[in-house]
file my_file-v2.cif (mmCIF, C-alpha atoms and all ligand atoms)
data_target
loop_
_atom_site.label_atom_id
_atom_site.label_comp_id
_atom_site.auth_asym_id
_atom_site.auth_seq_id
_atom_site.Cartn_x
_atom_site.Cartn_y
_atom_site.Cartn_z
CA MET A 1 0.00 0.00 0.00
CA LYS A 2 2.75 2.41 1.03
CA ARG A 3 4.60 1.83 -2.24
CA ASN A 4 1.50 2.68 -4.25
CA GLU A 5 1.08 5.87 -2.30
CA ARG A 6 4.65 6.97 -3.05
CA ARG A 7 4.43 6.53 -6.81
CA PRO A 8 2.04 9.40 -7.62
CA ARG A 9 4.21 11.73 -5.50
CA GLN A 10 7.36 10.75 -7.41
CA ILE A 11 5.53 11.35 -10.69
CA PHE A 12 4.35 14.70 -9.37
CA ILE A 13 7.93 15.73 -8.43
CA LEU A 14 9.20 14.56 -11.83
CA LYS A 15 6.49 16.58 -13.57
CA LYS A 16 7.40 19.67 -11.52
CA ALA A 17 11.08 19.27 -12.45
CA ALA A 18 10.21 18.88 -16.13
CA ILE A 19 8.03 22.01 -16.07
CA LEU A 20 10.85 23.91 -14.34
CA VAL A 21 13.44 22.80 -16.92
CA MET A 22 11.12 23.65 -19.81
CA ALA A 23 10.27 27.06 -18.37
CA THR A 24 13.97 27.87 -17.85
CA LEU A 25 14.76 26.76 -21.41
CA GLY A 26 11.86 28.82 -22.73
CA ILE A 27 12.96 31.99 -20.92
CA ALA A 28 16.57 31.48 -22.08
CA MET A 29 15.38 31.06 -25.67
CA LEU A 30 13.23 34.19 -25.45
CA PHE A 31 16.23 36.20 -24.26
CA THR A 32 18.43 34.85 -27.06
CA VAL A 33 15.81 35.63 -29.71
CA ALA A 34 15.18 39.10 -28.25
CA ALA A 35 18.88 40.00 -28.33
CA TRP A 36 19.33 38.54 -31.80
CA ALA A 37 16.23 40.19 -33.21
CA GLU A 38 17.17 43.66 -31.91
CA CYS A 39 18.00 44.59 -35.49
CA ASP A 40 16.62 42.43 -38.26
CA THR A 41 19.51 42.38 -40.74
CA GLY A 42 17.22 40.88 -43.40
CA GLU A 43 15.03 43.98 -43.53
CA TYR A 44 15.49 46.71 -46.16
CA SER A 45 17.62 44.53 -48.46
CA ASN A 46 15.84 45.84 -51.58
CA GLN A 47 16.45 49.45 -50.54
CA ARG A 48 20.10 48.61 -49.83
CA GLN A 49 20.67 47.09 -53.30
CA LYS A 50 19.04 50.14 -54.91
CA MET A 51 21.19 52.48 -52.80
CA ALA A 52 24.36 50.64 -53.87
CA ASP A 53 23.35 50.63 -57.57
CA ARG A 54 22.10 54.22 -57.87
CA GLN A 55 24.04 56.23 -55.29
CA ILE A 56 27.33 54.31 -55.28
CA ALA A 57 27.96 52.41 -58.55
CA GLY A 58 25.87 55.01 -60.42
CA ARG A 59 28.24 57.75 -59.28
CA GLY A 60 31.39 56.00 -60.39
CA ILE A 61 32.58 53.89 -57.44
CA ARG A 62 34.28 50.89 -59.07
CA ASN A 63 36.21 49.07 -56.30
CA PRO A 64 34.42 45.68 -56.07
CA ALA A 65 35.17 45.29 -52.34
CA VAL A 66 33.59 48.69 -51.60
CA LEU A 67 30.52 47.89 -53.72
CA ALA A 68 30.11 44.48 -52.05
CA ALA A 69 30.42 46.03 -48.57
CA MET A 70 27.84 48.72 -49.37
CA LYS A 71 25.48 45.96 -50.54
CA THR A 72 25.87 43.85 -47.40
CA VAL A 73 26.38 46.09 -44.34
CA PRO A 74 22.94 46.74 -42.76
CA ARG A 75 23.09 50.56 -42.45
CA HIS A 76 19.64 50.57 -40.77
CA CYS A 77 21.15 48.73 -37.78
CA PHE A 78 23.51 51.67 -37.11
CA VAL A 79 20.87 54.43 -36.86
CA PRO A 80 18.32 55.22 -34.13
CA GLU A 81 15.02 53.28 -34.34
CA ARG A 82 13.04 56.24 -35.72
CA GLN A 83 15.62 56.76 -38.52
CA LYS A 84 15.65 53.12 -39.73
CA ARG A 85 13.25 53.78 -42.59
CA ASN A 86 15.49 56.66 -43.79
CA ALA A 87 18.71 54.65 -43.54
CA TYR A 88 19.20 54.15 -47.31
CA ARG A 89 18.37 57.71 -48.35
CA ASP A 90 20.94 59.79 -50.21
CA GLY A 91 22.10 61.90 -47.25
CA PRO A 92 23.53 62.04 -43.73
CA LEU A 93 21.30 61.24 -40.71
CA PRO A 94 21.34 62.31 -37.06
CA ILE A 95 22.64 59.67 -34.61
CA GLY A 96 22.24 61.65 -31.37
CA HIS A 97 24.61 63.90 -29.35
CA GLY A 98 24.57 66.41 -32.23
CA GLN A 99 26.46 63.97 -34.48
CA THR A 100 25.65 62.40 -37.84
CA ILE A 101 26.25 59.24 -39.86
CA SER A 102 27.76 60.28 -43.23
CA GLN A 103 25.90 60.04 -46.54
CA PRO A 104 26.39 56.54 -48.09
CA TYR A 105 28.29 57.97 -51.09
CA ILE A 106 30.79 59.75 -48.80
CA VAL A 107 31.40 56.51 -46.86
CA ALA A 108 31.97 54.67 -50.15
CA ILE A 109 34.31 57.19 -51.77
CA MET A 110 36.40 57.58 -48.61
CA SER A 111 36.69 53.77 -48.42
CA GLU A 112 37.73 53.63 -52.09
CA LEU A 113 40.30 56.44 -51.70
CA LEU A 114 42.00 54.50 -48.87
CA ASP A 115 42.80 51.77 -51.42
CA VAL A 116 43.49 49.16 -48.73
CA LYS A 117 43.65 45.39 -49.12
CA PRO A 118 42.31 42.59 -46.88
CA GLY A 119 44.46 42.10 -43.78
CA GLN A 120 45.75 45.69 -43.75
CA SER A 121 45.06 48.04 -40.84
CA VAL A 122 43.11 51.29 -40.80
CA LEU A 123 42.76 53.88 -38.05
CA GLU A 124 39.41 55.70 -37.98
CA VAL A 125 38.97 58.94 -36.03
CA GLY A 126 35.26 59.46 -35.23
CA THR A 127 33.50 56.11 -34.74
CA GLY A 128 30.06 57.78 -34.58
CA SER A 129 27.53 55.05 -35.33
CA GLY A 130 30.19 52.47 -36.28
CA TYR A 131 28.87 52.19 -39.88
CA GLN A 132 32.05 53.34 -41.65
CA ALA A 133 34.08 50.94 -39.48
CA ALA A 134 31.71 48.09 -40.42
CA VAL A 135 32.07 48.87 -44.15
CA LEU A 136 35.88 48.65 -43.84
CA ALA A 137 35.61 45.46 -41.76
CA ALA A 138 33.39 43.94 -44.47
CA MET A 139 36.27 44.65 -46.89
CA GLY A 140 38.54 42.46 -44.71
CA ILE A 141 40.31 45.34 -42.98
CA ASP A 142 41.53 45.43 -39.35
CA VAL A 143 39.92 48.60 -38.03
CA PHE A 144 41.02 50.63 -35.02
CA THR A 145 38.39 53.28 -34.33
CA ILE A 146 38.30 56.07 -31.73
CA GLU A 147 35.30 58.10 -30.56
CA ILE A 148 35.42 61.06 -28.16
CA VAL A 149 31.71 60.98 -27.11
CA ALA A 150 31.58 58.00 -24.74
CA PRO A 151 27.87 57.01 -25.12
CA LEU A 152 28.23 57.03 -28.93
CA GLY A 153 31.42 54.94 -28.86
CA GLU A 154 29.88 52.46 -26.44
CA ARG A 155 26.73 52.05 -28.52
CA ALA A 156 28.75 51.59 -31.70
CA ALA A 157 30.89 48.94 -29.98
CA ARG A 158 27.73 47.04 -28.96
CA THR A 159 26.24 47.23 -32.47
CA LEU A 160 29.48 46.07 -34.12
CA LYS A 161 29.76 43.16 -31.66
CA GLU A 162 26.12 42.10 -32.09
CA LEU A 163 26.50 42.11 -35.88
CA GLY A 164 29.73 40.11 -35.64
CA TYR A 165 32.30 42.60 -37.01
CA GLU A 166 35.17 41.02 -35.11
CA THR A 167 38.02 42.88 -36.82
CA VAL A 168 36.87 46.26 -35.45
CA HIS A 169 38.63 47.44 -32.29
CA THR A 170 36.96 50.36 -30.50
CA ARG A 171 38.29 52.91 -28.05
CA ILE A 172 36.89 55.98 -26.27
CA GLY A 173 39.28 58.93 -26.40
CA ASP A 174 40.68 61.84 -28.37
CA GLY A 175 41.53 60.64 -31.86
CA TYR A 176 43.65 63.72 -32.58
CA LYS A 177 46.44 61.81 -30.86
CA GLY A 178 45.82 58.65 -32.91
CA TRP A 179 46.43 55.16 -31.47
CA PRO A 180 50.24 55.05 -31.04
CA ASP A 181 50.60 51.46 -29.80
CA GLN A 182 48.88 50.10 -32.94
CA ALA A 183 50.75 52.35 -35.41
CA PRO A 184 51.81 52.46 -38.18
CA PHE A 185 48.54 52.18 -40.13
CA ASP A 186 48.20 51.34 -43.83
CA GLY A 187 45.30 53.78 -43.95
CA ILE A 188 43.85 56.55 -41.78
CA ILE A 189 40.29 57.79 -42.24
CA VAL A 190 39.12 60.88 -40.37
CA THR A 191 35.37 61.53 -40.22
CA ALA A 192 35.40 64.78 -38.18
CA ALA A 193 37.04 67.91 -39.58
CA PRO A 194 40.02 69.64 -37.91
CA SER A 195 41.19 73.06 -39.17
CA ARG A 196 44.68 71.59 -39.79
CA ILE A 197 46.01 68.08 -40.39
CA PRO A 198 46.86 66.54 -36.97
CA HIS A 199 50.61 65.91 -36.78
CA PRO A 200 50.33 62.67 -34.71
CA LEU A 201 48.24 61.14 -37.51
CA ILE A 202 50.89 61.91 -40.14
CA GLU A 203 53.46 60.22 -37.91
CA GLN A 204 51.27 57.14 -37.49
CA LEU A 205 50.77 56.65 -41.24
CA ALA A 206 52.86 53.82 -42.72
CA GLU A 207 55.20 54.36 -45.68
CA ASN A 208 53.03 54.22 -48.85
CA GLY A 209 50.00 54.64 -46.57
CA ARG A 210 47.02 56.85 -47.39
CA MET A 211 45.02 59.25 -45.26
CA VAL A 212 41.58 60.54 -46.18
CA ILE A 213 40.63 63.61 -44.14
CA PRO A 214 38.27 66.61 -44.33
CA VAL A 215 40.13 69.80 -43.38
CA GLY A 216 38.76 73.29 -42.90
CA PRO A 217 36.95 75.72 -40.60
CA VAL A 218 33.93 74.65 -38.52
CA ARG A 219 31.65 77.06 -40.36
CA GLY A 220 32.61 77.28 -43.99
CA VAL A 221 34.00 75.06 -46.67
CA GLN A 222 36.08 72.04 -45.82
CA GLN A 223 38.09 70.08 -48.35
CA LEU A 224 38.34 66.34 -48.50
CA LEU A 225 42.07 65.60 -48.85
CA LEU A 226 43.90 62.44 -49.87
CA LEU A 227 47.40 62.32 -48.37
CA ARG A 228 50.05 59.80 -49.42
CA LYS A 229 53.31 59.12 -47.59
CA ILE A 230 56.00 58.50 -50.19
CA ASN A 231 59.66 58.23 -49.07
CA GLY A 232 58.66 59.87 -45.80
CA LYS A 233 57.13 62.87 -47.57
CA ILE A 234 53.45 63.80 -47.74
CA LYS A 235 51.80 64.30 -51.13
CA ARG A 236 48.36 65.91 -50.98
CA GLU A 237 45.49 65.83 -53.41
CA ARG A 238 42.20 67.71 -53.12
CA ILE A 239 39.14 65.59 -53.81
CA PHE A 240 36.12 67.91 -53.38
CA ASP A 241 34.38 70.21 -50.88
CA VAL A 242 32.58 68.54 -47.99
CA ARG A 243 30.79 69.35 -44.76
CA PHE A 244 31.68 67.29 -41.66
CA VAL A 245 31.14 67.86 -37.93
CA PRO A 246 34.21 69.47 -36.31
CA MET A 247 37.00 67.49 -34.69
CA VAL A 248 37.00 68.56 -31.04
CA ASP A 249 39.10 68.05 -27.91
CA LYS A 250 37.78 66.70 -24.59
CA LYS A 251 36.48 70.16 -23.63
CA GLY A 252 34.53 70.35 -26.90
CA LYS A 253 36.87 72.96 -28.42
CA GLY A 254 37.51 72.63 -32.17
CA TYR A 255 40.98 71.59 -33.38
N1 LIG B 301 32.20 57.59 -39.10
C1 LIG B 301 30.96 57.82 -38.43
C2 LIG B 301 30.44 59.24 -38.58
C3 LIG B 301 31.21 60.13 -37.75
S1 LIG B 301 30.54 61.66 -37.31
C4 LIG B 301 29.89 56.85 -38.86
O1 LIG B 301 30.14 56.03 -39.75
O2 LIG B 301 28.80 56.90 -38.29
C5 LIG B 301 32.02 62.25 -36.54
C6 LIG B 301 32.31 61.68 -35.17
O3 LIG B 301 33.59 62.16 -34.79
C7 LIG B 301 31.32 62.14 -34.11
O4 LIG B 301 30.75 61.02 -33.51
C8 LIG B 301 32.20 62.93 -33.14
O5 LIG B 301 31.81 62.79 -31.80
C9 LIG B 301 33.58 62.32 -33.38
N2 LIG B 301 34.73 63.13 -32.98
C10 LIG B 301 34.87 64.49 -33.03
N3 LIG B 301 36.10 64.84 -32.57
C11 LIG B 301 36.74 63.68 -32.24
C12 LIG B 301 38.03 63.38 -31.71
N4 LIG B 301 38.91 64.34 -31.39
N5 LIG B 301 38.36 62.09 -31.51
C13 LIG B 301 37.48 61.09 -31.80
N6 LIG B 301 36.24 61.32 -32.29
C14 LIG B 301 35.88 62.59 -32.51
#

call {"tool": "encode", "arguments": {"input": "my_file-v2.cif", "output": "structure tokens", "more": "lines below"}}
Ligand code: SAH
result
Amino acid sequence: MKRNERRPRQIFILKKAAILVMATLGIAMLFTVAAWAECDTGEYSNQRQKMADRQIAGRGIRNPAVLAAMKTVPRHCFVPERQKRNAYRDGPLPIGHGQTISQPYIVAIMSELLDVKPGQSVLEVGTGSGYQAAVLAAMGIDVFTIEIVAPLGERAARTLKELGYETVHTRIGDGYKGWPDQAPFDGIIVTAAPSRIPHPLIEQLAENGRMVIPVGPVRGVQQLLLLRKINGKIKRERIFDVRFVPMVDKKGKGY
């Protein structure tokens, strides 16, 4: 009799344990899906192809690695929620803290001007949303990127990690000084405009390296420059006029 009484209790305990295990598994799965689905990388793929064809290839960008990166990197995952539907428009967009993500064409032409190959290293000054860094990473580049506004740099680092861009290394700090312990760099891309070319960046550019940088006053015309280090000397070429946010120091004062 006693044995028969025990059996239903054992079954009851077993059932409770099974429910507990299933509930834990369920909650764990929900969390995984929620984190993974934070940005649906499959969305907007039609708009992205059109952007790459019309705005990028259509305007003369020919480097296949740049075109491929522009077709694959989910730009909508790098902008605030309310800007997602504008992500593939032909212009810059606000990303908070008074900063902007550059127009797709500017990202593409700066990437093309760098003329870097897979496995080479690029320093980026001005991480912003992390989009430019992701485009370079998609081209097989090792990217070292610095952002002076901590919340922006931290958010970009999270986005890049979630999307799996493992060759991007992020840092919060003043990019005017570059990243000395990782120098020299095969390429340097500056996405905030100083009034003069920062000397530390010239020093951290490798021989035969290229730097793409907007230079000019905060209010007024800036020029996109391509610098090349040949036999230790800098050759400069003007590309065209641009408008970038200013490069600032930790007190917010323009360089
Ligand atoms: N490349 C970015 C866009 C950058 S906007 C993207 O793809 O989204 C320019 C960024 O440069 C801003 O986020 C600004 O905060 C940052 N910045 C300005 N001065 C800086 C400095 N001295 N060092 C590092 N980042 C700087």

call {"tool": "residues_near_ligand", "arguments": {"input": "my_file-v2.cif", "ligand": "ligand LIG 301 (chain B)", "cutoff": "7 Å", "atoms": "only C-alpha atoms and all ligand atoms", "output": "list in words"}}
result
Gln99, Thr100, Ile101, Ser102, Val125, Gly126, Thr127, Gly128, Ser129, Gly130, Tyr131, Gln132, Ala133, Ile146, Glu147, Ile148, Val149, Leu152, Gly173, Asp174, Gly175, Tyr176, Thr191, Ala192, Val245, Pro246, Met247, Val248 and Asp249 of chain A

call {"tool": "residues_around", "arguments": {"input": "my_file-v2.cif", "residues": "Val242 (chain A)", "least_positions_apart": "5", "cutoff": "7 Å", "atoms": "all atoms listed in the file", "output": "ChimeraX atom specification"}}
result
/A:221-224

call {"tool": "residues_around", "arguments": {"input": "my_file-v2.cif", "residues": "region 56-58 of chain A", "least_positions_apart": "4", "cutoff": "7 Å", "atoms": "all atoms listed in the file", "output": "VMD selection string"}}
result
chain A and resid 51 to 52 62 105 108

call {"tool": "atom_distance", "arguments": {"input": "my_file-v2.cif", "atom1": "CA of Gly220 (chain A)", "atom2": "CA of Ile234 (chain A)"}}
result
25.1 Å

call {"tool": "atom_distance", "arguments": {"input": "my_file-v2.cif", "atom1": "CA of Val135 (chain A)", "atom2": "CA of Gln204 (chain A)"}}
result
21.9 Å

call {"tool": "residues_around", "arguments": {"input": "my_file-v2.cif", "residues": "Pro184 (chain A)", "least_positions_apart": "3", "cutoff": "8 Å", "atoms": "all atoms listed in the file", "output": "list in words"}}
result
Pro180, Glu203, Gln204, Leu205 and Ala206 of chain A

call {"tool": "residues_around", "arguments": {"input": "my_file-v2.cif", "residues": "Ala68 (chain A)", "least_positions_apart": "4", "cutoff": "10 Å", "atoms": "all atoms listed in the file", "output": "list of chain:residue names"}}
result
A:Gln49, A:Ala52, A:Asn63, A:Pro64, A:Thr72, A:Val73, A:Val135, A:Ala138, A:Met139

call {"tool": "closest_residue", "arguments": {"input": "my_file-v2.cif", "among": "A:Val107, A:Leu136, A:Ala150, A:Val122", "to": "Gly209 (chain A)", "atoms": "all atoms listed in the file"}}
result
A:Val122

call {"tool": "atom_distance", "arguments": {"input": "my_file-v2.cif", "atom1": "CA of Gly153 (chain A)", "atom2": "CA of Ile213 (chain A)"}}
result
19.8 Å

call {"tool": "closest_residue", "arguments": {"input": "my_file-v2.cif", "among": "A:Arg238, A:Lys229, A:Arg48, A:Arg210", "to": "Ala69 (chain A)", "atoms": "all atoms listed in the file"}}
result
A:Arg48

call {"tool": "closest_residue", "arguments": {"input": "my_file-v2.cif", "among": "A:Gly60, A:Pro94, A:Gly216, A:Gly178", "to": "Ile109 (chain A)", "atoms": "all atoms listed in the file"}}
result
A:Gly60

call {"tool": "residues_around", "arguments": {"input": "my_file-v2.cif", "residues": "Pro74 (chain A)", "least_positions_apart": "6", "cutoff": "10 Å", "atoms": "only C-alpha atoms", "output": "list in words"}}
result
Cys39, Asp40, Thr41, Gly42, Glu43, Tyr44, Ser45, Arg48, Ala87, Tyr88, Tyr131, Ala134, Val135 and Leu163 of chain A

call {"tool": "closest_residue", "arguments": {"input": "my_file-v2.cif", "among": "A:Val116, A:Val168, A:Met110, A:Ile239", "to": "Ile189 (chain A)", "atoms": "all atoms listed in the file"}}
result
A:Met110

call {"tool": "closest_residue", "arguments": {"input": "my_file-v2.cif", "among": "A:Ala157, A:Ala137, A:Leu201, A:Val215", "to": "Ala65 (chain A)", "atoms": "all atoms listed in the file"}}
result
A:Ala137

call {"tool": "closest_residue", "arguments": {"input": "my_file-v2.cif", "among": "A:Asp142, A:Glu154, A:Glu237, A:Glu81", "to": "Thr167 (chain A)", "atoms": "only C-alpha atoms"}}
result
A:Asp142

call {"tool": "residues_near_point", "arguments": {"input": "my_file-v2.cif", "point": "(23.3, 49.7, -34.9)", "cutoff": "8 Å", "atoms": "all atoms listed in the file", "output": "list in words"}}
result
Cys39, Arg75, His76, Cys77, Phe78, Val79, Pro80, Ser129, Gly130, Tyr131, Arg155, Ala156, Arg158, Thr159 and Leu160 of chain A
